[in-house]
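Have a look at the structure below before the remarks.
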Amino acid sequence: GAAEGEGGGQGRARQHAVAIDHRVRRGQRACYSEGMRNVIVVVVGVLGSIGLLGSGGSAWAAPCELDTPKACYERGVELFKAQDAAAADMFERACESGVAEGCTELGFILMEGMLVRRDDGRSLKASLRACELGSGLGCNNAFVMVRDGRGTKRDDVELRRLAVASCAANDGEGCYLLAAVYGEPLGGDQDLKGSGVALDKSCKLEFGMACAVVA
């Protein structure tokens with residue numbers, strides 16, 4: 001069905017990912033399925049025909065012990081570049097101290113098993129925390145985990161919530177997911193107008209797959 005795959009490599013380059021190139025991340029995970037793209041195409045056709053499509057509380061452990069929480073994240077970046085598994089500890093400490101990027105990176109490396117053993121439960125926890133802290137990418141990572149039933153049972157209502165949160169954080173990939181969620185629909189009523197708005201916003205945020213459909 002729709003929303004059964006995660007982004008292709010056509011989106012805009014992530015600016016925050018000093019440690020991890022999330023464009024590579026997209027190549028490591030499954031691409032958007034044809035089913036998802038087909039739903040988007042159908043939605044665009046319907047919206048175009050009716051004139052609705054616009055143009056063009058934490059249980060974490062010890063906090064960071066360096067000077068600032070951000071310093072733990074930056075140390076994690078250095079360690080990751082050196083392919084040192086201790087990066088995970090620094091990202092976790094940054095996350096525990098409320099640094100969204102730390103939670104995002106921790107969730108990702110645990111999800112992919114990069115430098116450390118894959119741990120779906122901890123990955124989902126970190127990604128959800130990143131989403132709570134305003135990281136659209138963290139919301140997207142959590143979306144993938146929930147969609148695939150990794151670390152939790154699949155929950156379409158939660159998928160909808162995560163897509164809404166990601167798009168609200170101005171993540172183009174998240175808005176593309178939201179367009180599919182509204183169009184299929186998942187976790188609630190179908191919302192074709194909302195799907196079109198999300199797709200248009202995704203393209204404006206320079207997510208290439210959305211622009212390819214809207215064009």
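Following the order of the structure tokens, chains are lettered A, B, ..., residues in each are numbered from 1, and ligands are numbered from 1.
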> Can you tell me, as a list in words, what residues are no more than 7 Å from Ser195 of chain A when counting only C-alpha atoms, ignoring any on the same chain fewer than 4 positions away?
Replying inline: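 What passes the distance filter is Leu178, Ala179, Ala180, Tyr182, Gly183, Asp191 and Leu199 of chain A.
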Grab the residues selected above and save them as an mmCIF file, in the first residue's frame with C-alpha atoms.
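New file selection-v6.cif:
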data_model
loop_
_atom_site.group_PDB
_atom_site.id
_atom_site.type_symbol
_atom_site.label_atom_id
_atom_site.label_comp_id
_atom_site.auth_asym_id
_atom_site.auth_seq_id
_atom_site.Cartn_x
_atom_site.Cartn_y
_atom_site.Cartn_z
ATOM 1 C CA LEU A 178 1.798 13.045 4.772
ATOM 2 C CA ALA A 179 0.394 13.460 1.260
ATOM 3 C CA ALA A 180 0.374 9.678 0.893
ATOM 4 C CA TYR A 182 -3.955 11.504 3.650
ATOM 5 C CA GLY A 183 -4.466 10.112 0.179
ATOM 6 C CA ASP A 191 -8.320 14.141 2.996
ATOM 7 C CA LEU A 199 2.404 17.587 -1.650
#
> Tell me, which residues of segment 75-208 of chain A carry DSSP helix (DSSP H, G or I), written as a ChimeraX atom specification?
Replying inline: /A:75-81,87-96,100-112,120-132,136-147,156-168,172-183,192-204,208
>> Taking 6 positions as the minimum chain separation for residues in the same chain, which residues sit within 12 Å of Arg154 of chain A when counting only C-alpha atoms? Answer as a list in words.
In response: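 My list of contacting residues is Glu4, Ala142, Phe143, Val144, Met145, Val146, Arg147, Asp148, Arg160, Leu186 and Gly187 of chain A.
Residues in contact range of Ser166 of chain A, defined as at most 9 Å between only C-alpha atoms, with sequence neighbours fewer than 2 positions away removed, read Cys131, Gly134, Ser135, Gly136, Leu137, Gly138, Cys139, Asn140, Arg161, Leu162, Ala163, Val164, Ala168, Ala169, Asn170, Asp171, Gly172, Glu173, Gly174, Cys175, Leu177 and Leu178 of chain A.
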Writing out the chosen residues with all heavy atoms as a compact mmCIF listing (two decimals), in the first residue's frame:
# COMPACT_ATOMS: atom_id res chain seq x y z
N CYS A 131 11.69 13.49 17.33
CA CYS A 131 10.46 14.06 16.77
C CYS A 131 9.82 15.03 17.76
O CYS A 131 9.39 16.13 17.38
CB CYS A 131 9.50 12.93 16.41
SG CYS A 131 8.03 13.45 15.49
N GLY A 134 11.34 18.35 17.72
CA GLY A 134 11.17 19.16 16.52
C GLY A 134 11.97 18.74 15.31
O GLY A 134 12.05 19.49 14.33
N SER A 135 12.56 17.54 15.34
CA SER A 135 13.33 17.06 14.19
C SER A 135 12.41 16.32 13.22
O SER A 135 11.92 15.22 13.53
CB SER A 135 14.45 16.12 14.65
OG SER A 135 15.01 15.43 13.54
N GLY A 136 12.19 16.89 12.03
CA GLY A 136 11.40 16.21 11.03
C GLY A 136 12.03 14.90 10.62
O GLY A 136 11.33 13.90 10.39
N LEU A 137 13.34 14.87 10.51
CA LEU A 137 14.05 13.65 10.14
C LEU A 137 13.86 12.58 11.20
O LEU A 137 13.71 11.39 10.89
CB LEU A 137 15.53 13.94 9.92
CG LEU A 137 16.37 12.82 9.34
CD1 LEU A 137 15.76 12.28 8.05
CD2 LEU A 137 17.79 13.31 9.09
N GLY A 138 13.85 12.99 12.46
CA GLY A 138 13.58 12.03 13.53
C GLY A 138 12.18 11.45 13.40
O GLY A 138 11.97 10.24 13.60
N CYS A 139 11.20 12.29 13.06
CA CYS A 139 9.83 11.82 12.83
C CYS A 139 9.80 10.81 11.69
O CYS A 139 9.11 9.78 11.77
CB CYS A 139 8.90 12.98 12.51
SG CYS A 139 8.72 14.24 13.79
N ASN A 140 10.55 11.09 10.62
CA ASN A 140 10.58 10.18 9.47
C ASN A 140 11.19 8.84 9.84
O ASN A 140 10.71 7.78 9.42
CB ASN A 140 11.39 10.80 8.33
CG ASN A 140 10.78 12.07 7.80
OD1 ASN A 140 9.62 12.37 8.04
ND2 ASN A 140 11.57 12.84 7.07
N ARG A 161 0.18 10.58 12.80
CA ARG A 161 0.68 11.61 13.72
C ARG A 161 2.12 11.99 13.40
O ARG A 161 2.48 13.17 13.40
CB ARG A 161 0.59 11.10 15.17
CG ARG A 161 0.99 12.14 16.21
CD ARG A 161 1.14 11.54 17.59
NE ARG A 161 2.33 10.74 17.72
CZ ARG A 161 3.55 11.23 17.92
NH1 ARG A 161 3.75 12.55 17.98
NH2 ARG A 161 4.60 10.43 18.04
N LEU A 162 2.95 10.99 13.11
CA LEU A 162 4.36 11.25 12.82
C LEU A 162 4.52 12.02 11.51
O LEU A 162 5.36 12.93 11.42
CB LEU A 162 5.13 9.94 12.76
CG LEU A 162 5.32 9.21 14.09
CD1 LEU A 162 5.81 7.79 13.87
CD2 LEU A 162 6.28 9.98 15.00
N ALA A 163 3.73 11.68 10.51
CA ALA A 163 3.81 12.40 9.24
C ALA A 163 3.37 13.85 9.41
O ALA A 163 3.98 14.77 8.85
CB ALA A 163 2.95 11.70 8.18
N VAL A 164 2.31 14.07 10.19
CA VAL A 164 1.86 15.44 10.47
C VAL A 164 2.96 16.23 11.16
O VAL A 164 3.26 17.37 10.81
CB VAL A 164 0.58 15.42 11.34
CG1 VAL A 164 0.28 16.81 11.88
CG2 VAL A 164 -0.61 14.91 10.53
N ALA A 168 4.96 19.47 9.74
CA ALA A 168 4.89 20.70 10.52
C ALA A 168 6.28 21.24 10.84
O ALA A 168 6.46 22.45 11.01
CB ALA A 168 4.11 20.46 11.81
N ALA A 169 7.27 20.34 10.89
CA ALA A 169 8.66 20.75 11.13
C ALA A 169 9.35 21.16 9.83
O ALA A 169 10.56 21.37 9.81
CB ALA A 169 9.43 19.60 11.79
N ASN A 170 8.56 21.29 8.77
CA ASN A 170 9.07 21.75 7.45
C ASN A 170 10.10 20.79 6.85
O ASN A 170 11.10 21.22 6.27
CB ASN A 170 9.65 23.16 7.57
CG ASN A 170 8.59 24.19 7.87
OD1 ASN A 170 7.48 24.13 7.33
ND2 ASN A 170 8.90 25.14 8.75
N ASP A 171 9.82 19.50 6.98
CA ASP A 171 10.64 18.49 6.34
C ASP A 171 9.94 18.05 5.06
O ASP A 171 8.81 17.53 5.10
CB ASP A 171 10.82 17.29 7.28
CG ASP A 171 11.77 16.25 6.71
OD1 ASP A 171 11.32 15.44 5.88
OD2 ASP A 171 12.96 16.28 7.07
N GLY A 172 10.58 18.25 3.92
CA GLY A 172 9.97 17.94 2.63
C GLY A 172 9.60 16.48 2.49
O GLY A 172 8.54 16.14 1.94
N GLU A 173 10.46 15.61 2.98
CA GLU A 173 10.18 14.18 2.92
C GLU A 173 8.96 13.84 3.77
O GLU A 173 8.11 13.03 3.38
CB GLU A 173 11.41 13.42 3.40
CG GLU A 173 11.34 11.93 3.22
CD GLU A 173 12.66 11.25 3.64
OE1 GLU A 173 13.59 11.95 4.07
OE2 GLU A 173 12.72 10.02 3.50
N GLY A 174 8.87 14.48 4.94
CA GLY A 174 7.73 14.26 5.82
C GLY A 174 6.43 14.72 5.18
O GLY A 174 5.39 14.06 5.33
N CYS A 175 6.46 15.83 4.47
CA CYS A 175 5.26 16.31 3.79
C CYS A 175 4.84 15.35 2.68
O CYS A 175 3.65 15.15 2.43
CB CYS A 175 5.48 17.72 3.24
SG CYS A 175 5.64 18.99 4.50
N LEU A 177 5.35 12.10 2.75
CA LEU A 177 4.73 11.01 3.48
C LEU A 177 3.30 11.38 3.88
O LEU A 177 2.38 10.56 3.76
CB LEU A 177 5.54 10.67 4.74
CG LEU A 177 6.87 9.96 4.55
CD1 LEU A 177 7.62 9.88 5.87
CD2 LEU A 177 6.66 8.57 3.98
N LEU A 178 3.12 12.61 4.33
CA LEU A 178 1.80 13.04 4.77
C LEU A 178 0.81 13.05 3.61
O LEU A 178 -0.36 12.68 3.76
CB LEU A 178 1.88 14.43 5.40
CG LEU A 178 0.57 14.99 5.97
CD1 LEU A 178 0.00 14.06 7.05
CD2 LEU A 178 0.79 16.39 6.54
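The space between atom CA of Ala165 of chain A and atom CA of Glu132 of chain A spans 8.5 Å.
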>> Neighbouring residues of Met90 of chain A were defined as those with any atom within 12 Å, considering only C-alpha atoms; residues of the same chain fewer than 4 positions away were excluded. Please report them as an MDAnalysis selection string.
In response: chainID A and resid 19 62:66 68:80 84:86 94:97 99 101:103 105:106
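When atom CA of Gly107 of chain A is paired with atom CA of Leu124 of chain A, their separation reads 6.4 Å.
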